[in-house]
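Containing PDB, C-alpha atoms and all ligand atoms: run11.pdb.
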ATOM      1  CA  MET W   1      21.994  24.524 -16.999  1.00  0.00           C
ATOM      2  CA  THR W   2      22.623  23.830 -20.640  1.00  0.00           C
ATOM      3  CA  THR W   3      19.860  26.228 -21.649  1.00  0.00           C
ATOM      4  CA  ALA W   4      21.146  28.990 -19.384  1.00  0.00           C
ATOM      5  CA  HIS W   5      24.615  28.459 -20.742  1.00  0.00           C
ATOM      6  CA  ALA W   6      23.433  28.655 -24.331  1.00  0.00           C
ATOM      7  CA  GLY W   7      21.495  31.793 -23.416  1.00  0.00           C
ATOM      8  CA  ILE W   8      24.551  33.546 -22.048  1.00  0.00           C
ATOM      9  CA  ARG W   9      26.602  32.537 -25.057  1.00  0.00           C
ATOM     10  CA  ASP W  10      23.870  33.922 -27.288  1.00  0.00           C
ATOM     11  CA  VAL W  11      23.937  37.248 -25.470  1.00  0.00           C
ATOM     12  CA  ILE W  12      27.720  37.435 -25.702  1.00  0.00           C
ATOM     13  CA  LEU W  13      27.587  36.728 -29.428  1.00  0.00           C
ATOM     14  CA  ARG W  14      24.852  39.284 -29.946  1.00  0.00           C
ATOM     15  CA  THR W  15      26.694  41.902 -27.944  1.00  0.00           C
ATOM     16  CA  ARG W  16      29.885  41.307 -29.858  1.00  0.00           C
ATOM     17  CA  PHE W  17      27.970  41.516 -33.083  1.00  0.00           C
ATOM     18  CA  GLY W  18      26.197  44.701 -31.987  1.00  0.00           C
ATOM     19  CA  ALA W  19      29.527  46.318 -31.226  1.00  0.00           C
ATOM     20  CA  LEU W  20      30.774  45.269 -34.639  1.00  0.00           C
ATOM     21  CA  LEU W  21      27.765  46.813 -36.342  1.00  0.00           C
ATOM     22  CA  ALA W  22      28.180  50.039 -34.356  1.00  0.00           C
ATOM     23  CA  LEU W  23      31.830  50.148 -35.391  1.00  0.00           C
ATOM     24  CA  GLY W  24      30.852  49.515 -38.988  1.00  0.00           C
ATOM     25  CA  ALA W  25      28.315  52.330 -38.907  1.00  0.00           C
ATOM     26  CA  LEU W  26      30.959  54.617 -37.471  1.00  0.00           C
ATOM     27  CA  LEU W  27      33.570  53.716 -40.064  1.00  0.00           C
ATOM     28  CA  ALA W  28      31.104  53.894 -42.899  1.00  0.00           C
ATOM     29  CA  GLY W  29      29.903  57.341 -41.874  1.00  0.00           C
ATOM     30  CA  CYS W  30      26.351  56.682 -40.780  1.00  0.00           C
ATOM     31  CA  GLY W  31      23.636  58.605 -42.586  1.00  0.00           C
ATOM     32  CA  GLU W  32      25.434  59.177 -45.866  1.00  0.00           C
ATOM     33  CA  ASP W  33      23.405  58.338 -48.941  1.00  0.00           C
ATOM     34  CA  GLY W  34      26.181  56.209 -50.326  1.00  0.00           C
ATOM     35  CA  SER W  35      26.927  58.238 -53.448  1.00  0.00           C
ATOM     36  CA  ARG W  36      30.118  59.196 -51.668  1.00  0.00           C
ATOM     37  CA  THR W  37      31.409  56.907 -49.008  1.00  0.00           C
ATOM     38  CA  GLY W  38      33.957  56.862 -46.241  1.00  0.00           C
ATOM     39  CA  ALA W  39      36.089  54.579 -48.367  1.00  0.00           C
ATOM     40  CA  GLY W  40      36.094  57.086 -51.216  1.00  0.00           C
ATOM     41  CA  THR W  41      34.295  54.544 -53.376  1.00  0.00           C
ATOM     42  CA  SER W  42      31.395  55.612 -55.572  1.00  0.00           C
ATOM     43  CA  LEU W  43      28.860  52.852 -55.469  1.00  0.00           C
ATOM     44  CA  PRO W  44      27.404  52.146 -58.901  1.00  0.00           C
ATOM     45  CA  THR W  45      23.688  52.296 -59.628  1.00  0.00           C
ATOM     46  CA  PHE W  46      21.904  50.116 -62.199  1.00  0.00           C
ATOM     47  CA  ASP W  47      18.642  50.432 -64.140  1.00  0.00           C
ATOM     48  CA  ASP W  48      17.926  46.705 -63.820  1.00  0.00           C
ATOM     49  CA  PRO W  49      15.178  46.524 -61.129  1.00  0.00           C
ATOM     50  CA  ASN W  50      16.761  43.407 -59.583  1.00  0.00           C
ATOM     51  CA  LEU W  51      20.018  45.284 -59.053  1.00  0.00           C
ATOM     52  CA  ALA W  52      18.262  48.496 -57.977  1.00  0.00           C
ATOM     53  CA  THR W  53      16.449  46.606 -55.223  1.00  0.00           C
ATOM     54  CA  GLY W  54      19.663  44.774 -54.414  1.00  0.00           C
ATOM     55  CA  ARG W  55      21.419  48.107 -53.946  1.00  0.00           C
ATOM     56  CA  SER W  56      18.784  49.261 -51.421  1.00  0.00           C
ATOM     57  CA  VAL W  57      19.019  45.980 -49.518  1.00  0.00           C
ATOM     58  CA  TRP W  58      22.833  46.207 -49.602  1.00  0.00           C
ATOM     59  CA  MET W  59      22.807  49.811 -48.334  1.00  0.00           C
ATOM     60  CA  ALA W  60      20.582  48.922 -45.392  1.00  0.00           C
ATOM     61  CA  ASN W  61      22.028  45.538 -44.447  1.00  0.00           C
ATOM     62  CA  CYS W  62      25.467  44.864 -45.910  1.00  0.00           C
ATOM     63  CA  ARG W  63      27.139  48.245 -46.178  1.00  0.00           C
ATOM     64  CA  ASN W  64      28.265  48.449 -42.544  1.00  0.00           C
ATOM     65  CA  CYS W  65      30.674  45.577 -43.059  1.00  0.00           C
ATOM     66  CA  HIS W  66      31.277  45.523 -46.795  1.00  0.00           C
ATOM     67  CA  LEU W  67      31.874  49.201 -47.518  1.00  0.00           C
ATOM     68  CA  THR W  68      35.243  49.480 -45.815  1.00  0.00           C
ATOM     69  CA  GLY W  69      35.767  45.796 -45.060  1.00  0.00           C
ATOM     70  CA  VAL W  70      35.120  45.565 -41.333  1.00  0.00           C
ATOM     71  CA  ALA W  71      36.501  42.533 -39.491  1.00  0.00           C
ATOM     72  CA  GLY W  72      37.753  40.706 -42.548  1.00  0.00           C
ATOM     73  CA  ALA W  73      34.759  41.384 -44.790  1.00  0.00           C
ATOM     74  CA  PRO W  74      35.764  41.860 -48.423  1.00  0.00           C
ATOM     75  CA  ALA W  75      35.232  45.586 -49.199  1.00  0.00           C
ATOM     76  CA  ILE W  76      33.050  46.311 -52.201  1.00  0.00           C
ATOM     77  CA  GLY W  77      35.659  48.675 -53.648  1.00  0.00           C
ATOM     78  CA  ASP W  78      38.479  46.126 -53.363  1.00  0.00           C
ATOM     79  CA  PRO W  79      38.063  43.868 -56.404  1.00  0.00           C
ATOM     80  CA  ALA W  80      41.179  41.831 -55.587  1.00  0.00           C
ATOM     81  CA  ALA W  81      39.529  40.696 -52.361  1.00  0.00           C
ATOM     82  CA  TRP W  82      36.688  39.211 -54.420  1.00  0.00           C
ATOM     83  CA  VAL W  83      38.785  37.278 -56.964  1.00  0.00           C
ATOM     84  CA  PRO W  84      38.973  33.997 -54.981  1.00  0.00           C
ATOM     85  CA  ARG W  85      35.350  34.365 -53.855  1.00  0.00           C
ATOM     86  CA  PHE W  86      33.949  35.038 -57.318  1.00  0.00           C
ATOM     87  CA  ALA W  87      35.762  31.947 -58.569  1.00  0.00           C
ATOM     88  CA  ARG W  88      33.309  29.877 -56.518  1.00  0.00           C
ATOM     89  CA  GLY W  89      30.346  31.090 -58.557  1.00  0.00           C
ATOM     90  CA  ARG W  90      27.154  33.021 -57.880  1.00  0.00           C
ATOM     91  CA  ASP W  91      25.228  30.181 -56.209  1.00  0.00           C
ATOM     92  CA  ALA W  92      27.954  29.606 -53.613  1.00  0.00           C
ATOM     93  CA  LEU W  93      28.136  33.333 -52.836  1.00  0.00           C
ATOM     94  CA  GLN W  94      24.385  33.521 -52.396  1.00  0.00           C
ATOM     95  CA  ALA W  95      24.438  30.456 -50.138  1.00  0.00           C
ATOM     96  CA  SER W  96      27.098  32.137 -47.959  1.00  0.00           C
ATOM     97  CA  ALA W  97      24.993  35.285 -47.582  1.00  0.00           C
ATOM     98  CA  LEU W  98      21.859  33.271 -46.796  1.00  0.00           C
ATOM     99  CA  ASP W  99      23.472  30.811 -44.365  1.00  0.00           C
ATOM    100  CA  GLY W 100      26.201  33.054 -42.938  1.00  0.00           C
ATOM    101  CA  ILE W 101      29.876  32.231 -42.459  1.00  0.00           C
ATOM    102  CA  GLY W 102      31.031  31.103 -39.045  1.00  0.00           C
ATOM    103  CA  HIS W 103      34.382  30.302 -37.544  1.00  0.00           C
ATOM    104  CA  ALA W 104      35.194  28.771 -34.151  1.00  0.00           C
ATOM    105  CA  GLY W 105      31.632  29.097 -32.917  1.00  0.00           C
ATOM    106  CA  ALA W 106      31.252  32.781 -33.817  1.00  0.00           C
ATOM    107  CA  TRP W 107      29.713  34.352 -36.876  1.00  0.00           C
ATOM    108  CA  ARG W 108      32.102  36.179 -39.163  1.00  0.00           C
ATOM    109  CA  MET W 109      29.106  37.031 -41.322  1.00  0.00           C
ATOM    110  CA  PRO W 110      25.701  36.323 -39.748  1.00  0.00           C
ATOM    111  CA  PRO W 111      22.984  34.723 -41.897  1.00  0.00           C
ATOM    112  CA  ARG W 112      21.156  37.336 -44.032  1.00  0.00           C
ATOM    113  CA  GLY W 113      23.593  40.019 -42.918  1.00  0.00           C
ATOM    114  CA  GLY W 114      22.049  39.710 -39.450  1.00  0.00           C
ATOM    115  CA  ASN W 115      18.546  40.678 -40.576  1.00  0.00           C
ATOM    116  CA  PRO W 116      16.220  37.636 -40.359  1.00  0.00           C
ATOM    117  CA  ALA W 117      13.396  39.715 -41.871  1.00  0.00           C
ATOM    118  CA  LEU W 118      15.089  39.679 -45.286  1.00  0.00           C
ATOM    119  CA  SER W 119      13.578  37.223 -47.768  1.00  0.00           C
ATOM    120  CA  ASP W 120      15.738  34.788 -49.742  1.00  0.00           C
ATOM    121  CA  THR W 121      15.077  36.922 -52.810  1.00  0.00           C
ATOM    122  CA  GLN W 122      16.252  40.116 -51.112  1.00  0.00           C
ATOM    123  CA  VAL W 123      19.463  38.463 -49.918  1.00  0.00           C
ATOM    124  CA  ARG W 124      20.109  37.092 -53.428  1.00  0.00           C
ATOM    125  CA  GLN W 125      19.449  40.542 -54.903  1.00  0.00           C
ATOM    126  CA  ALA W 126      21.986  42.068 -52.490  1.00  0.00           C
ATOM    127  CA  VAL W 127      24.550  39.477 -53.617  1.00  0.00           C
ATOM    128  CA  ASP W 128      23.702  40.177 -57.263  1.00  0.00           C
ATOM    129  CA  TYR W 129      24.269  43.867 -56.552  1.00  0.00           C
ATOM    130  CA  THR W 130      27.603  43.090 -54.876  1.00  0.00           C
ATOM    131  CA  ILE W 131      28.740  41.119 -57.912  1.00  0.00           C
ATOM    132  CA  ALA W 132      27.558  43.751 -60.406  1.00  0.00           C
ATOM    133  CA  ALA W 133      29.138  46.573 -58.394  1.00  0.00           C
ATOM    134  CA  VAL W 134      32.507  44.832 -58.060  1.00  0.00           C
ATOM    135  CA  GLU W 135      32.461  44.045 -61.790  1.00  0.00           C
ATOM    136  CA  ALA W 136      31.567  47.663 -62.592  1.00  0.00           C
ATOM    137  CA  LEU W 137      34.341  48.926 -60.333  1.00  0.00           C
ATOM    138  CA  GLY W 138      36.780  47.096 -62.542  1.00  0.00           C
ATOM    139  CA  GLY W 139      37.175  43.841 -60.753  1.00  0.00           C
ATOM    140  CA  THR W 140      37.001  40.240 -61.632  1.00  0.00           C
ATOM    141  CA  ARG W 141      33.907  38.646 -63.154  1.00  0.00           C
ATOM    142  CA  VAL W 142      31.868  35.756 -61.862  1.00  0.00           C
ATOM    143  CA  PRO W 143      32.328  32.776 -64.194  1.00  0.00           C
TER
HETATM  144  C1  LIG M   1      28.693  41.812 -39.650  1.00  0.00           C
HETATM  145  C2  LIG M   1      29.409  42.071 -40.874  1.00  0.00           C
HETATM  146  C3  LIG M   1      28.777  41.610 -42.172  1.00  0.00           C
HETATM  147  C4  LIG M   1      27.537  41.934 -42.689  1.00  0.00           C
HETATM  148  C5  LIG M   1      26.451  42.800 -42.072  1.00  0.00           C
HETATM  149  C6  LIG M   1      27.477  41.308 -43.987  1.00  0.00           C
HETATM  150  N1  LIG M   1      28.628  40.631 -44.245  1.00  0.00           N
HETATM  151 FE1  LIG M   1      29.087  39.590 -45.926  1.00  0.00          FE
HETATM  152  N2  LIG M   1      30.851  39.022 -45.119  1.00  0.00           N
HETATM  153  C7  LIG M   1      31.340  39.431 -43.893  1.00  0.00           C
HETATM  154  C8  LIG M   1      32.628  38.794 -43.654  1.00  0.00           C
HETATM  155  C9  LIG M   1      33.496  38.992 -42.424  1.00  0.00           C
HETATM  156  C10 LIG M   1      32.882  37.981 -44.775  1.00  0.00           C
HETATM  157  C11 LIG M   1      34.076  37.076 -44.992  1.00  0.00           C
HETATM  158  C12 LIG M   1      33.835  35.812 -44.180  1.00  0.00           C
HETATM  159  C13 LIG M   1      34.915  34.770 -44.363  1.00  0.00           C
HETATM  160  O1  LIG M   1      35.118  34.313 -45.500  1.00  0.00           O
HETATM  161  O2  LIG M   1      35.515  34.388 -43.367  1.00  0.00           O
HETATM  162  C14 LIG M   1      31.746  38.175 -45.686  1.00  0.00           C
HETATM  163  C15 LIG M   1      31.638  37.551 -46.925  1.00  0.00           C
HETATM  164  C16 LIG M   1      30.611  37.795 -47.835  1.00  0.00           C
HETATM  165  C17 LIG M   1      30.521  37.209 -49.155  1.00  0.00           C
HETATM  166  C18 LIG M   1      31.506  36.228 -49.763  1.00  0.00           C
HETATM  167  C19 LIG M   1      31.026  34.847 -49.399  1.00  0.00           C
HETATM  168  C20 LIG M   1      31.921  33.731 -49.892  1.00  0.00           C
HETATM  169  O3  LIG M   1      31.388  32.614 -50.014  1.00  0.00           O
HETATM  170  O4  LIG M   1      33.109  33.943 -50.131  1.00  0.00           O
HETATM  171  C21 LIG M   1      29.377  37.673 -49.729  1.00  0.00           C
HETATM  172  C22 LIG M   1      28.828  37.338 -51.116  1.00  0.00           C
HETATM  173  C23 LIG M   1      28.751  38.541 -48.773  1.00  0.00           C
HETATM  174  N3  LIG M   1      29.530  38.598 -47.639  1.00  0.00           N
HETATM  175  C24 LIG M   1      27.571  39.200 -49.000  1.00  0.00           C
HETATM  176  C25 LIG M   1      26.893  39.920 -48.019  1.00  0.00           C
HETATM  177  C26 LIG M   1      25.577  40.480 -48.212  1.00  0.00           C
HETATM  178  C27 LIG M   1      24.785  40.399 -49.500  1.00  0.00           C
HETATM  179  C28 LIG M   1      25.235  41.081 -47.048  1.00  0.00           C
HETATM  180  C29 LIG M   1      23.954  41.792 -46.714  1.00  0.00           C
HETATM  181  C30 LIG M   1      22.732  41.055 -46.897  1.00  0.00           C
HETATM  182  C31 LIG M   1      26.344  40.909 -46.118  1.00  0.00           C
HETATM  183  N4  LIG M   1      27.320  40.195 -46.753  1.00  0.00           N
HETATM  184  C32 LIG M   1      26.386  41.416 -44.834  1.00  0.00           C
HETATM  185  C33 LIG M   1      30.731  40.277 -43.005  1.00  0.00           C
HETATM  186  C34 LIG M   1      29.452  40.796 -43.157  1.00  0.00           C
END
How does the structure come out when it is put into structure tokens?
Amino acid sequence: MTTAHAGIRDVILRTRFGALLALGALLAGCGEDGSRTGAGTSLPTFDDPNLATGRSVWMANCRNCHLTGVAGAPAIGDPAAWVPRFARGRDALQASALDGIGHAGAWRMPPRGGNPALSDTQVRQAVDYTIAAVEALGGTRVP
């Protein structure tokens, strides 16, 4: 019984999450290359290969929630939303992206942006890109 129950809960969570992703794709304007976005934010590019890879990972895995700020996600073009988060330092931000952030038994942000195929390095690169992009957009800096 316990297993069946857990299974149903899993499906409900996944379905909810799927709907969220679909909504995110809709809001973000699926299929755009990201140079212009639904939020009117130009996403910076960087020559640093770590950040260039991070940008690709971010586009494919993080953009749906973090472009416009779906369901409480801090939007990449909203530096003020990142001030309290950046204050916690890069390691803590990377740990959040790797482990996910949950509340009341539901994921607010799933581990690895919901893509278990991403390596630790790729997730860290996506966080590094987030930090660099927010800084470039005129926001706060990570201490
Ligand atoms: C399903 C939506 C969703 C996806 C996909 C997603 N995030 Fe998030 N993310 C959130 C939400 C919501 C929060 C805020 C959670 C909270 O603090 O309650 C968040 C918070 C964060 C934070 C701040 C963490 C902290 O400790 O304050 C970072 C960094 C982050 N996300 C990076 C990423 C990266 C990198 C990816 C892609 C690999 C990603 N996110 C994908 C929804 C998402």
*Mind giving me the straight-line distance from CA of Ser119 in chain W to CA of Ala80 in chain W in Å, one decimal?*
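That distance, rounded to one decimal, is 29.1 Å.
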*Between W:Gln122, W:Val142, W:Gly114, W:Tyr129, which is the closest to Asn64 in chain W once you count all atoms listed in the file?*
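Distance minimum relative to Asn64 in chain W lands on W:Gly114.
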Using only the atoms of ligand LIG 1 (chain M) listed in the file, plus 6 Å on each side, state the axis-aligned box centre and edge lengths in Å rounded to one decimal, as AutoDock Vina command-line options.
--center_x 29.1 --center_y 37.7 --center_z -45.4 --size_x 24.8 --size_y 22.2 --size_z 23.5
*Please check which protein, DNA or RNA residues sit within 7 Å of ligand LIG 1 (chain M), counting all atoms listed in the file, and write them as a PyMOL selection string.*
chain W and resi 17+20-21+57-58+61-66+70-74+85+92-94+96-97+101+108-110+112-114+123-124+126-127+130
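Computed from the coordinates, the CA of Pro79 in chain W to CA of Ala117 in chain W distance equals 28.9 Å.
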_Could you list, as a list in words, every residue matched by the PyMOL selection byres (((chain W and resi 52) around 12) and not hetatm) in this structure?_
Leu43, Pro44, Thr45, Phe46, Asp47, Asp48, Pro49, Asn50, Leu51, Thr53, Gly54, Arg55, Ser56, Val57, Trp58, Met59, Gln122, Gln125, Ala126, Val127, Asp128, Tyr129, Thr130, Ala132 and Ala133 of chain W
*Taking into account all atoms listed in the file, which residue in the set W:Gly138, W:Pro116, W:Gly100, W:Pro143 is nearest to Pro84 in chain W?*
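Selected residue with least distance to Pro84 in chain W: W:Pro143.
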_Å distance separating CA of Ala87 in chain W from CA of Ile131 in chain W, one decimal place_ =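 Pair CA of Ala87 in chain W / CA of Ile131 in chain W returns 11.6 Å.
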*Which is closest to Ala95 in chain W among W:Trp107, W:Asp120, W:Asp78, W:Val83, if we use all atoms listed in the file?*
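When distances to Ala95 in chain W are compared using all atoms listed in the file, the smallest one comes from W:Asp120.
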